[in-house]
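Printed here is final_18.tsv (TSV, C-alpha atoms):
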```
chain	number	residue	atom	x	y	z
A	1	MET	CA	20.34	19.27	5.40
A	2	THR	CA	18.65	19.76	8.79
A	3	ASP	CA	16.30	22.29	7.17
A	4	ALA	CA	15.04	19.52	4.87
A	5	VAL	CA	14.49	17.26	7.89
A	6	ARG	CA	12.65	19.99	9.77
A	7	GLU	CA	10.39	20.80	6.80
A	8	ARG	CA	9.60	17.14	6.07
A	9	PHE	CA	8.63	16.31	9.64
A	10	ASP	CA	6.73	19.57	10.11
A	11	LEU	CA	4.67	18.74	7.01
A	12	PHE	CA	4.05	15.22	8.30
A	13	ALA	CA	2.97	16.55	11.72
A	14	ARG	CA	0.53	19.02	10.16
A	15	ASP	CA	-0.87	17.19	7.12
A	16	GLU	CA	-0.35	13.43	7.35
A	17	ALA	CA	-0.37	12.17	10.94
A	18	PRO	CA	-3.35	14.09	12.45
A	19	GLY	CA	-6.43	11.92	12.68
A	20	ARG	CA	-4.43	8.78	12.05
A	21	SER	CA	-1.85	8.63	14.84
A	22	ASP	CA	-1.58	11.10	17.71
A	23	VAL	CA	1.73	9.49	18.68
A	24	TYR	CA	3.32	10.07	15.28
A	25	ALA	CA	1.91	13.61	15.12
A	26	GLU	CA	3.55	14.42	18.47
A	27	TRP	CA	6.88	12.85	17.51
A	28	ALA	CA	7.02	14.63	14.14
A	29	ALA	CA	6.14	18.00	15.68
A	30	GLY	CA	8.84	17.45	18.29
A	31	ILE	CA	11.46	16.72	15.65
A	32	ALA	CA	10.46	19.81	13.69
A	33	ALA	CA	11.40	21.93	16.72
A	34	ASP	CA	14.47	19.93	17.83
A	35	ALA	CA	17.81	20.69	16.15
A	36	GLU	CA	19.61	17.84	17.91
A	37	ALA	CA	17.12	15.23	16.68
A	38	GLN	CA	17.21	16.76	13.20
A	39	ALA	CA	21.00	16.37	13.13
A	40	VAL	CA	20.68	12.64	13.79
A	41	LEU	CA	18.04	12.15	11.12
A	42	ALA	CA	20.00	14.20	8.58
A	43	ARG	CA	22.54	11.37	8.58
A	44	ILE	CA	19.93	9.07	6.99
A	45	SER	CA	19.67	9.22	3.19
A	46	PRO	CA	16.48	11.01	2.03
A	47	GLN	CA	14.82	7.91	0.55
A	48	HIS	CA	15.14	6.15	3.92
A	49	ARG	CA	14.17	9.13	6.04
A	50	GLN	CA	10.40	9.07	5.51
A	51	PRO	CA	8.69	9.64	8.89
A	52	PRO	CA	6.63	6.40	8.91
A	53	LEU	CA	9.73	4.34	8.06
A	54	MET	CA	11.97	6.02	10.60
A	55	PHE	CA	9.34	5.82	13.34
A	56	ALA	CA	8.73	2.13	12.57
A	57	VAL	CA	12.46	1.46	12.86
A	58	THR	CA	12.70	3.10	16.28
A	59	ARG	CA	9.72	1.10	17.52
A	60	LEU	CA	11.29	-2.09	16.14
A	61	LEU	CA	14.46	-1.29	18.08
A	62	GLY	CA	12.55	-0.71	21.31
A	63	SER	CA	11.55	2.95	21.62
A	64	GLY	CA	7.99	2.15	22.66
A	65	ASP	CA	5.01	4.38	21.86
A	66	GLY	CA	5.28	6.96	24.64
A	67	GLY	CA	5.61	10.72	24.51
A	68	TYR	CA	8.18	12.68	22.57
A	69	ALA	CA	10.59	13.19	25.46
A	70	GLY	CA	11.06	9.46	25.96
A	71	TRP	CA	11.24	8.78	22.23
A	72	ARG	CA	13.82	11.56	21.79
A	73	SER	CA	15.97	10.09	24.55
A	74	PHE	CA	15.88	6.71	22.79
A	75	LEU	CA	16.81	8.27	19.44
A	76	LEU	CA	19.80	10.15	20.79
A	77	SER	CA	21.12	7.19	22.78
A	78	HIS	CA	20.67	4.74	19.88
A	79	ALA	CA	21.55	7.07	17.01
A	80	GLU	CA	24.06	4.78	15.29
A	81	GLU	CA	21.69	1.81	15.41
A	82	VAL	CA	18.72	3.85	14.16
A	83	VAL	CA	20.65	5.31	11.23
A	84	ALA	CA	22.02	1.92	10.18
A	85	GLU	CA	18.64	0.18	10.47
A	86	CYS	CA	16.84	2.90	8.51
A	87	GLU	CA	19.34	2.58	5.68
A	88	ARG	CA	18.58	-1.12	5.24
A	89	ARG	CA	14.79	-0.79	5.49
A	90	MET	CA	12.13	0.64	3.19
A	91	VAL	CA	8.48	1.60	3.44
A	92	GLN	CA	6.25	-1.48	3.10
A	93	THR	CA	2.60	-0.62	3.47
A	94	ASN	CA	1.06	-4.11	3.63
A	95	GLU	CA	-2.48	-2.70	3.43
A	96	PRO	CA	-5.06	-5.19	2.11
A	97	LEU	CA	-7.80	-2.55	2.49
A	98	ARG	CA	-6.57	-1.08	-0.80
A	99	LEU	CA	-8.26	-4.04	-2.45
A	100	ALA	CA	-11.66	-2.56	-1.56
A	101	ALA	CA	-10.94	0.19	-4.11
A	102	LEU	CA	-9.27	-2.20	-6.57
A	103	LEU	CA	-11.91	-4.95	-6.51
A	104	PRO	CA	-14.33	-3.24	-8.96
A	105	VAL	CA	-11.46	-2.92	-11.45
A	106	LEU	CA	-10.16	-6.46	-10.93
A	107	GLY	CA	-13.70	-7.73	-11.47
A	108	LEU	CA	-13.72	-6.28	-14.98
A	109	ILE	CA	-10.96	-8.65	-16.09
A	110	ASP	CA	-11.96	-12.00	-17.54
A	111	GLY	CA	-10.50	-14.89	-15.61
A	112	PRO	CA	-8.98	-17.08	-14.62
A	113	VAL	CA	-6.38	-14.56	-13.45
A	114	ALA	CA	-2.65	-14.92	-12.81
A	115	LEU	CA	-2.03	-12.06	-10.38
A	116	LEU	CA	1.41	-10.47	-10.05
A	117	GLU	CA	2.08	-7.60	-7.65
A	118	LEU	CA	5.12	-5.37	-8.00
A	119	GLY	CA	6.36	-4.02	-4.68
A	120	ALA	CA	4.45	-6.82	-3.00
A	121	SER	CA	6.11	-6.66	0.43
A	122	ALA	CA	4.42	-9.59	2.25
A	123	GLY	CA	1.94	-10.19	-0.58
A	124	LEU	CA	-1.20	-9.42	1.42
A	125	CYS	CA	-2.80	-7.72	-1.60
A	126	LEU	CA	-2.49	-10.92	-3.61
A	127	TYR	CA	-5.63	-12.40	-2.02
A	128	PRO	CA	-8.55	-10.29	-3.30
A	129	ASP	CA	-10.63	-13.47	-3.63
A	130	ARG	CA	-9.99	-14.55	-0.03
A	131	TYR	CA	-11.37	-11.46	1.74
A	132	SER	CA	-14.95	-10.32	2.35
A	133	TYR	CA	-15.96	-6.79	1.33
A	134	ARG	CA	-18.49	-4.48	2.90
A	135	PHE	CA	-19.29	-1.37	0.87
A	136	THR	CA	-21.18	1.32	2.76
A	137	ALA	CA	-22.63	4.81	2.46
A	138	ALA	CA	-20.96	7.65	4.35
A	139	ASP	CA	-23.30	7.09	7.31
A	140	GLY	CA	-22.24	3.44	7.60
A	141	THR	CA	-25.34	1.96	5.95
A	142	GLU	CA	-24.38	-1.19	4.07
A	143	ARG	CA	-24.87	-0.94	0.32
A	144	LEU	CA	-23.28	-4.21	-0.77
A	145	ARG	CA	-21.42	-7.14	0.74
A	146	ILE	CA	-19.36	-9.62	-1.26
A	147	ASP	CA	-17.87	-12.82	0.18
A	148	PRO	CA	-15.46	-15.40	-1.24
A	149	ALA	CA	-16.93	-18.36	-3.10
A	150	ASP	CA	-16.44	-20.63	-0.08
A	151	GLY	CA	-18.15	-18.27	2.38
A	152	PRO	CA	-17.41	-15.23	4.57
A	153	SER	CA	-13.77	-14.48	5.29
A	154	GLN	CA	-12.21	-13.79	8.67
A	155	VAL	CA	-11.05	-10.49	7.12
A	156	VAL	CA	-13.77	-8.03	6.15
A	157	LEU	CA	-12.62	-4.99	4.17
A	158	THR	CA	-15.02	-2.11	4.77
A	159	SER	CA	-14.99	0.89	2.44
A	160	ILE	CA	-17.23	3.91	1.84
A	161	VAL	CA	-18.52	4.31	-1.72
A	162	ARG	CA	-19.51	7.79	-2.86
A	163	GLY	CA	-21.98	8.10	-5.71
A	164	ALA	CA	-23.14	5.24	-7.92
A	165	LEU	CA	-22.12	1.73	-6.98
A	166	PRO	CA	-20.94	-0.25	-10.02
A	167	VAL	CA	-21.62	-3.93	-10.47
A	168	ILE	CA	-18.79	-5.71	-8.66
A	169	ARG	CA	-17.72	-9.31	-9.00
A	170	MET	CA	-15.08	-11.39	-7.28
A	171	PRO	CA	-12.09	-12.20	-9.52
A	172	GLU	CA	-11.05	-15.80	-10.11
A	173	ILE	CA	-7.40	-16.00	-9.04
A	174	VAL	CA	-5.54	-19.19	-9.98
A	175	TRP	CA	-1.94	-18.00	-9.47
A	176	ARG	CA	-0.44	-15.30	-7.30
A	177	ALA	CA	3.11	-14.00	-7.14
A	178	GLY	CA	5.01	-10.89	-6.16
A	179	VAL	CA	8.38	-9.21	-6.42
A	180	ASP	CA	9.92	-6.79	-3.94
A	181	LEU	CA	13.38	-5.43	-3.24
A	182	ALA	CA	13.05	-6.82	0.28
A	183	PRO	CA	10.07	-9.19	0.47
A	184	VAL	CA	8.58	-9.87	3.89
A	185	ASP	CA	8.37	-13.58	4.72
A	186	ILE	CA	5.33	-13.98	6.96
A	187	ARG	CA	6.59	-17.40	8.01
A	188	GLU	CA	9.52	-15.73	9.82
A	189	PRO	CA	8.90	-14.26	13.30
A	190	ASP	CA	11.34	-11.36	12.74
A	191	ASP	CA	9.53	-10.35	9.55
A	192	ARG	CA	6.16	-10.48	11.30
A	193	THR	CA	7.57	-8.24	14.04
A	194	TRP	CA	8.69	-5.75	11.40
A	195	MET	CA	5.21	-5.77	9.87
A	196	ARG	CA	3.67	-4.95	13.25
A	197	SER	CA	6.15	-2.09	13.68
A	198	LEU	CA	4.97	-0.59	10.40
A	199	ILE	CA	1.42	-0.21	11.71
A	200	TRP	CA	1.00	3.30	13.10
A	201	PRO	CA	0.22	3.57	16.84
A	202	GLY	CA	-3.52	3.82	17.32
A	203	GLU	CA	-4.45	1.86	14.19
A	204	THR	CA	-6.17	-0.94	16.09
A	205	GLU	CA	-8.50	-1.95	13.27
A	206	ARG	CA	-5.63	-2.05	10.81
A	207	ALA	CA	-3.58	-4.23	13.15
A	208	GLU	CA	-6.46	-6.70	13.39
A	209	ARG	CA	-7.01	-6.62	9.63
A	210	ILE	CA	-3.37	-7.30	8.85
A	211	ALA	CA	-3.18	-10.09	11.44
A	212	GLY	CA	-6.13	-11.79	9.74
A	213	ALA	CA	-4.61	-11.29	6.30
A	214	VAL	CA	-1.32	-12.77	7.50
A	215	ALA	CA	-3.18	-15.88	8.70
A	216	ILE	CA	-4.78	-16.27	5.26
A	217	ALA	CA	-1.44	-15.87	3.49
A	218	GLN	CA	0.30	-18.28	5.86
A	219	ALA	CA	-2.19	-20.99	4.89
A	220	ASP	CA	-1.30	-20.59	1.21
A	221	PRO	CA	1.93	-18.56	0.84
A	222	PRO	CA	2.38	-16.73	-2.46
A	223	LEU	CA	5.45	-16.91	-4.65
A	224	LEU	CA	7.56	-13.91	-3.57
A	225	LEU	CA	10.86	-13.09	-5.23
A	226	ALA	CA	13.48	-10.54	-4.22
A	227	GLY	CA	14.73	-8.15	-6.85
A	228	ASP	CA	14.03	-5.22	-9.12
A	229	ALA	CA	10.47	-5.19	-10.45
A	230	GLU	CA	11.37	-4.37	-14.03
A	231	ALA	CA	14.19	-6.90	-14.15
A	232	ARG	CA	12.03	-9.74	-12.83
A	233	LEU	CA	8.78	-8.92	-14.62
A	234	ASP	CA	9.17	-10.98	-17.78
A	235	ASP	CA	10.44	-14.09	-16.00
A	236	LEU	CA	7.62	-14.00	-13.48
A	237	LEU	CA	4.97	-13.56	-16.15
A	238	ALA	CA	6.50	-16.43	-18.09
A	239	SER	CA	5.97	-18.70	-15.09
A	240	ALA	CA	2.23	-17.95	-14.88
A	241	PRO	CA	-0.02	-20.87	-15.85
A	242	ALA	CA	-1.11	-21.18	-19.45
A	243	GLY	CA	-4.67	-20.09	-20.09
A	244	ALA	CA	-4.73	-17.54	-17.27
A	245	THR	CA	-5.00	-13.79	-17.90
A	246	PRO	CA	-1.84	-12.13	-16.56
A	247	VAL	CA	-2.60	-9.10	-14.39
A	248	VAL	CA	0.12	-6.84	-13.00
A	249	MET	CA	-0.73	-4.71	-9.96
A	250	THR	CA	1.31	-1.70	-8.85
A	251	PRO	CA	-0.76	-0.45	-5.89
A	252	GLY	CA	1.06	2.53	-4.43
A	253	MET	CA	4.58	1.39	-5.36
A	254	LEU	CA	5.35	3.61	-8.36
A	255	VAL	CA	5.74	6.71	-6.18
A	256	TYR	CA	8.94	5.23	-4.72
A	257	LEU	CA	10.66	5.05	-8.12
A	258	PRO	CA	12.55	7.94	-9.75
A	259	ARG	CA	10.60	9.40	-12.69
A	260	ALA	CA	12.76	7.81	-15.42
A	261	GLN	CA	12.63	4.39	-13.77
A	262	ARG	CA	8.87	4.74	-13.22
A	263	ALA	CA	8.27	5.54	-16.90
A	264	SER	CA	10.47	2.64	-17.97
A	265	LEU	CA	8.57	0.18	-15.77
A	266	ILE	CA	5.20	1.37	-17.09
A	267	ASP	CA	6.45	0.91	-20.65
A	268	ARG	CA	7.65	-2.60	-19.78
A	269	ILE	CA	4.28	-3.53	-18.25
A	270	ARG	CA	2.42	-2.32	-21.32
A	271	ALA	CA	4.77	-4.17	-23.64
A	272	SER	CA	4.31	-7.41	-21.67
A	273	GLY	CA	0.72	-7.92	-22.83
A	274	ALA	CA	-0.52	-8.18	-19.23
A	275	ARG	CA	-3.43	-6.17	-17.86
A	276	TRP	CA	-2.30	-3.40	-15.53
A	277	VAL	CA	-4.11	-2.33	-12.34
A	278	THR	CA	-2.77	0.58	-10.33
A	279	ILE	CA	-3.68	3.20	-7.73
A	280	ASP	CA	-1.53	6.32	-7.85
A	281	ALA	CA	-1.58	10.04	-7.23
A	282	PRO	CA	-3.19	11.43	-10.42
A	283	GLY	CA	-0.19	13.67	-11.16
A	284	LEU	CA	2.41	10.99	-10.54
A	285	HIS	CA	3.10	9.85	-14.10
A	286	ASP	CA	2.05	10.13	-17.73
A	287	GLY	CA	0.61	6.64	-17.90
A	288	TRP	CA	-3.04	7.73	-17.99
A	289	HIS	CA	-5.20	7.80	-21.09
A	290	PRO	CA	-6.86	10.10	-21.61
A	291	PRO	CA	-4.75	12.47	-19.46
A	292	VAL	CA	-6.30	13.39	-16.11
A	293	ASP	CA	-6.59	16.68	-14.23
A	294	PRO	CA	-5.06	16.10	-10.77
A	295	GLY	CA	-7.15	18.95	-9.39
A	296	SER	CA	-10.34	17.01	-10.11
A	297	PHE	CA	-9.42	14.20	-7.69
A	298	ASP	CA	-10.00	14.04	-3.96
A	299	GLY	CA	-7.66	11.07	-3.65
A	300	PHE	CA	-5.73	8.75	-5.95
A	301	ALA	CA	-6.60	7.53	-9.43
A	302	VAL	CA	-7.47	3.83	-9.82
A	303	ALA	CA	-6.90	2.63	-13.35
A	304	LEU	CA	-7.02	-0.41	-15.60
A	305	ASP	CA	-4.46	-0.37	-18.41
A	306	GLY	CA	-3.99	3.36	-17.78
A	307	ARG	CA	-7.70	4.18	-18.09
A	308	VAL	CA	-8.82	5.88	-14.88
A	309	LEU	CA	-11.98	4.34	-13.46
A	310	SER	CA	-12.28	5.69	-9.93
A	311	ASP	CA	-11.11	8.26	-7.40
A	312	ALA	CA	-10.01	6.56	-4.18
A	313	ASP	CA	-8.42	7.15	-0.84
A	314	PRO	CA	-4.84	5.80	-1.21
A	315	LEU	CA	-5.47	3.11	1.42
A	316	GLY	CA	-8.92	2.12	0.11
A	317	ARG	CA	-11.00	3.59	2.91
A	318	GLN	CA	-13.36	5.23	0.42
A	319	TRP	CA	-13.75	5.58	-3.33
A	320	GLU	CA	-15.96	6.97	-6.08
A	321	TRP	CA	-16.60	5.33	-9.46
A	322	ARG	CA	-15.70	7.79	-12.20
A	323	THR	CA	-16.91	6.06	-15.34
A	324	GLY	CA	-20.20	5.00	-16.87
A	325	GLY	CA	-21.51	1.47	-17.11
A	326	ALA	CA	-23.79	-0.80	-15.17
A	327	ALA	CA	-24.39	0.39	-11.67
A	328	GLY	CA	-26.70	-0.33	-8.82
A	329	ASP	CA	-26.82	-1.28	-5.17
A	330	GLY	CA	-26.41	-4.95	-5.72
```
Entire entry expressed as structure tokens:
Amino acid sequence: MTDAVRERFDLFARDEAPGRSDVYAEWAAGIAADAEAQAVLARISPQHRQPPLMFAVTRLLGSGDGGYAGWRSFLLSHAEEVVAECERRMVQTNEPLRLAALLPVLGLIDGPVALLELGASAGLCLYPDRYSYRFTAADGTERLRIDPADGPSQVVLTSIVRGALPVIRMPEIVWRAGVDLAPVDIREPDDRTWMRSLIWPGETERAERIAGAVAIAQADPPLLLAGDAEARLDDLLASAPAGATPVVMTPGMLVYLPRAQRASLIDRIRASGARWVTIDAPGLHDGWHPPVDPGSFDGFAVALDGRVLSDADPLGRQWEWRTGGAAGDG
């Protein structure tokens, strides 16, 4: 069991944390060389032992963001509390920047739109029409900016676009709802504290972006229900307003489902008659048509109704349009 912990945190230290959080890279590398810490973490079930989740839990409980020695001391002295808290928590990304990669796809859907997100967490991705977007070249040169109908937003989502820039339009959202096993209620101080703990140390821009998105959501809270996505899907879609196009989003949530459950949910979405927008690792499931070669992607596949349209960074930081059609720089 401790070998699995060591390998998982070693991989995270080498491949995932560098360039994003020096603190998490140091902590993960420390765990990979620390049998005593590994023994504590081995007591956490694998699905609740992901490094970002476990690190967020320790910060929530008061570990701080210092060096590994201090963090290790906290872990060992609060082992029971850390294990228990990890078991009741789950990864909740809350990253509205993903919408920068999803906006071109959402804009292809005729509105008005009734938007439903599965694995919605706090629902911050339910407001694509309330954010401003700045699409740039790799050198930072602005290629296109899009603002909400009522003017620039306090949240500007900036993303690099490689290659041709497709025509992009803002979707018309008239209803927004989400379902999550443990939805985050942004009206509750404890839930907002948990959201801040999930932001990796050093991600200053992300912290500011999420704070702005929270303010937007607080002004017009979405409908968020607790429960299993597949079990709640039909009832939620039935409550969407008549005349609106139902759109189901699964941005980055399918990876957390076992393969059989993932396939069942995709089948249910397709049978519902709703449009389906997702961003997933290209080898994650068999829901693509035509099938895709995972080796041809630099990032994740962004798709509409299973048809892959772009190759994107999983968090929306950059993307490349992968299909023909109207394109231009504005």
Could you please determine the separation between CA of Asp305 in chain A and CA of Arg206 in chain A in Å, to one decimal place?
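It comes out at 29.3 Å.
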Select, from A:Gly163, A:Gly178, A:Gly306, A:Pro189, the residue with the minimum atom-to-atom distance to Val214 in chain A, counting only C-alpha atoms.
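Result for the nearest residue to Val214 in chain A: A:Pro189.
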Report as a ChimeraX atom specification all protein, DNA and RNA residues lying within 12 Å of Glu7 in chain A, evaluated on only C-alpha atoms, omitting residues in the same chain fewer than 4 positions from it.
/A:1-3,11-15,28-29,31-35,38,42,50-51
Residues as selected, C-alpha atoms, written as a compact mmCIF listing (two decimals), keeping the file's coordinate frame, can you do that?
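Produced file again-v4.txt, reproduced below:
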```
# COMPACT_ATOMS: atom_id res chain seq x y z
CA MET A 1 20.34 19.27 5.40
CA THR A 2 18.65 19.76 8.79
CA ASP A 3 16.30 22.29 7.17
CA LEU A 11 4.67 18.74 7.01
CA PHE A 12 4.05 15.22 8.30
CA ALA A 13 2.97 16.55 11.72
CA ARG A 14 0.53 19.02 10.16
CA ASP A 15 -0.87 17.19 7.12
CA ALA A 28 7.02 14.63 14.14
CA ALA A 29 6.14 18.00 15.68
CA ILE A 31 11.46 16.72 15.65
CA ALA A 32 10.46 19.81 13.69
CA ALA A 33 11.40 21.93 16.72
CA ASP A 34 14.47 19.93 17.83
CA ALA A 35 17.81 20.69 16.15
CA GLN A 38 17.21 16.76 13.20
CA ALA A 42 20.00 14.20 8.58
CA GLN A 50 10.40 9.07 5.51
CA PRO A 51 8.69 9.64 8.89
```
With distances taken over all atoms listed in the file, which of A:Trp71, A:Phe55, A:Tyr256, A:Trp288 is nearest to Ala301 in chain A?
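With all atoms listed in the file as the atom set, the closest residue is A:Trp288.
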Counting all atoms listed in the file, find the residues whose atoms lie at most 12 Å from (-11.0, -12.5, -14.9) (file coordinates) and write them out as an MDAnalysis selection string.
chainID A and resid 103:115 129 169:175 243:247 275
Atom pair CA of Ile168 in chain A + CA of Gly140 in chain A, distance 19.0 Å
Using all atoms listed in the file, which protein or nucleic acid residues come within 12 Å of Thr278 in chain A? Drop anything in the same chain fewer than 2 positions from it, and give the result as JSON, numbers by chain.
{"A": [98, 99, 101, 102, 103, 105, 106, 116, 117, 118, 119, 247, 248, 249, 250, 251, 252, 253, 254, 255, 266, 269, 275, 276, 280, 281, 282, 284, 285, 287, 288, 300, 301, 302, 303, 304, 305, 306, 307, 308, 309, 310, 311, 312, 314]}
Please, what distance in Å, to one decimal, runs between CA of Pro291 in chain A and CA of Arg259 in chain A?
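Taking CA of Pro291 in chain A as the start and CA of Arg259 in chain A as the end point, the length is 17.1 Å.
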Have a look at A:Met90, A:His48, A:Trp27, A:His289 and name the one nearest to Leu75 in chain A; count all atoms listed in the file.
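Going through A:Met90, A:His48, A:Trp27, A:His289 one by one, the smallest distance to Leu75 in chain A is for A:Trp27.
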